[in-house]
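Chemist: Take this structure, written in structure tokens, and hold onto it; I'll ask about it next.
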Amino acid sequence: MARPAEMIRPAAPVLAADDPRYTAAEFPPNKLLYLVQLADARGIDSRSWFAGLGLSRTQIADPALRVSYRQAHGFVRRALAALDVPDAGLRIGREGTIGGFGLLGLAMMTSRTLGDAMLAGIAHHKICGCLLDVGVEPAGEREVALVAWPRFGDTELMPFFCEELFASCLMIARELVGAELRPLRAEFAYPQPSYAAEYAALFECAVRFGATRNRLVLDTQWLARPLPGYNPLTAKQALALCAQQRTPDGGEPHQEIVAAVERLLRNQLPQPAKLNEVARTLNLSERSLRRKLAESGRIFREIHDRVRAERALQLLQAGTLSVAQVGNEVGFSDPREFRRAFKRWTGMPPQDARRTVG
């Protein structure tokens, strides 16, 4: 593990909300799902939280879904206003477990030391839905700090995000090395809330509000603490898979509206795709959907054709369906129309695509 002095602090937050990263779909929706479950437990109707965000209740339960910062921020802001649960971040964070982090949890659990697990978590924090920028820095002669900054200069929801992040990190660290782990202090760059006593009870250390940064400070001796589940091969494999999980296809994140349209089209390929129906499912007007796609440099037909082409190619290479059956699977009742469309998409007839296998 690198020494704390060698660790690099993340770049300063981008202030412009029109930055392309603001609408890049790269975060899993687990925070959103937790808030909906909290609403269910309190008998609160969460349907209005989805309006205009291109999301639905069913979709946020899909582990393959990725949402943008814009979508997540809008949803969380509405949820917190409706729930009126001031300590929602602490409540959610206290339930954090290593298993809840999926592949990242496996990578952390099989790391050599707590310090290695900590670095793995920081390197891949986005795939567990963290909406803050995270890093580590030396905080004293024998102190190291987990540090969190708001993305895009956005401080409105910083208390909720910090509570959830630091509480879950503490729960997971204690799960890895034992309940005796105690931070040296916790510092938060926002005013003291009315429920500050809950912070002290959870973190079991000195807690300071109105600090210059959000930091959870540990004695460096904890970094070298060996983990009982250490397995170098499993850790390496899990980290490699984490690196591929930025988006479900392993590539760069799409703009949120493009990702949402692609997801819907993939789920209803055998049926004819209509722009107005897709817009309605995304809680948008047809005009708004056209405009949002245009702003992302895309048009509906081009997205639809690419989704159909990808699926058709997969089915043809699988070799279990006839060309006509593949056409039916991607929405063509006439095999001739499918053959013409597939050649337009790929430059070759479907029979040639099947022959390229192997």
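Convention: chains lettered A, B, ... in structure tokens order; per-chain residue numbering from 1; ligands numbered from 1 as shown.
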Can you check which parts of range 132-203 of chain A lie within 12 Å of range 215-236 of chain A? Per residue, the shortest pair of atoms and distance in Å to one decimal, counting only C-alpha atoms, sorted by chain and number, as CSV.

Modeler:
residue,atom,partner,partner_atom,distance
A:Val134,CA,A:Arg215,CA,9.8
A:Gly135,CA,A:Arg215,CA,9.6
A:Val136,CA,A:Arg215,CA,8.8
A:Glu137,CA,A:Arg215,CA,9.3
A:Pro138,CA,A:Val217,CA,9.0
A:Ala139,CA,A:Val217,CA,7.1
A:Gly140,CA,A:Asp219,CA,9.1
A:Glu141,CA,A:Thr220,CA,8.9
A:Arg142,CA,A:Thr220,CA,5.4
A:Glu143,CA,A:Asp219,CA,4.7
A:Val144,CA,A:Leu218,CA,5.4
A:Ala145,CA,A:Val217,CA,4.2
A:Leu146,CA,A:Leu216,CA,5.1
A:Val147,CA,A:Arg215,CA,4.5
A:Ala148,CA,A:Arg215,CA,6.6
A:Trp149,CA,A:Arg215,CA,9.3
A:Cys162,CA,A:Arg215,CA,9.2
A:Glu163,CA,A:Leu216,CA,10.9
A:Leu165,CA,A:Leu216,CA,10.2
A:Phe166,CA,A:Leu216,CA,7.0
A:Ala167,CA,A:Leu216,CA,9.8
A:Ser168,CA,A:Leu216,CA,11.8
A:Cys169,CA,A:Leu216,CA,9.5
A:Leu170,CA,A:Leu216,CA,9.0
A:Ala173,CA,A:Trp222,CA,9.7
A:Arg174,CA,A:Trp222,CA,10.8
A:Glu175,CA,A:Leu227,CA,10.3
A:Leu176,CA,A:Leu227,CA,6.6
A:Val177,CA,A:Leu227,CA,6.6
A:Gly178,CA,A:Leu227,CA,10.1
A:Glu180,CA,A:Trp222,CA,10.8
A:Leu181,CA,A:Trp222,CA,8.0
A:Arg182,CA,A:Leu218,CA,7.6
A:Pro183,CA,A:Leu218,CA,4.8
A:Leu184,CA,A:Leu218,CA,5.3
A:Arg185,CA,A:Val217,CA,5.4
A:Ala186,CA,A:Leu216,CA,4.6
A:Glu187,CA,A:Arg215,CA,5.0
A:Phe188,CA,A:Arg215,CA,6.6
A:Ala189,CA,A:Arg215,CA,8.7
A:Tyr190,CA,A:Arg215,CA,11.8
A:Tyr199,CA,A:Leu216,CA,11.9
A:Phe203,CA,A:Leu216,CA,9.3

Chemist: Neighbouring residues of Ala107 in chain A were defined as those with any atom within 12 Å, considering only C-alpha atoms; residues of the same chain fewer than 4 positions away were excluded. Please report them as a count of residues only.

Modeler: 35

Chemist: Ranking A:Lys292, A:Arg340, A:Arg280, A:Lys31 by minimum distance to Ile127 in chain A and counting only C-alpha atoms, which one comes first?

Modeler: A:Lys31

Chemist: For Tyr69 in chain A, which residue among A:Arg311, A:Lys126, A:Lys343, A:Arg301 is the nearest when counting only C-alpha atoms?

Modeler: A:Lys126

Chemist: Could you tell me which of A:Arg21, A:Val330, A:Thr281, A:Asp84 comes closest to Phe152 in chain A if we count only C-alpha atoms?

Modeler: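 Closest to Phe152 in chain A of all the choices is A:Arg21.
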
Chemist: So that I can see what lies close to Ser194 in chain A, please list as an NGL selection string the residues with an atom at most 12 Å from it, counting only C-alpha atoms and leaving out residues fewer than 5 positions away in the same chain.

Modeler: :A and (85-87 or 199 or 209)
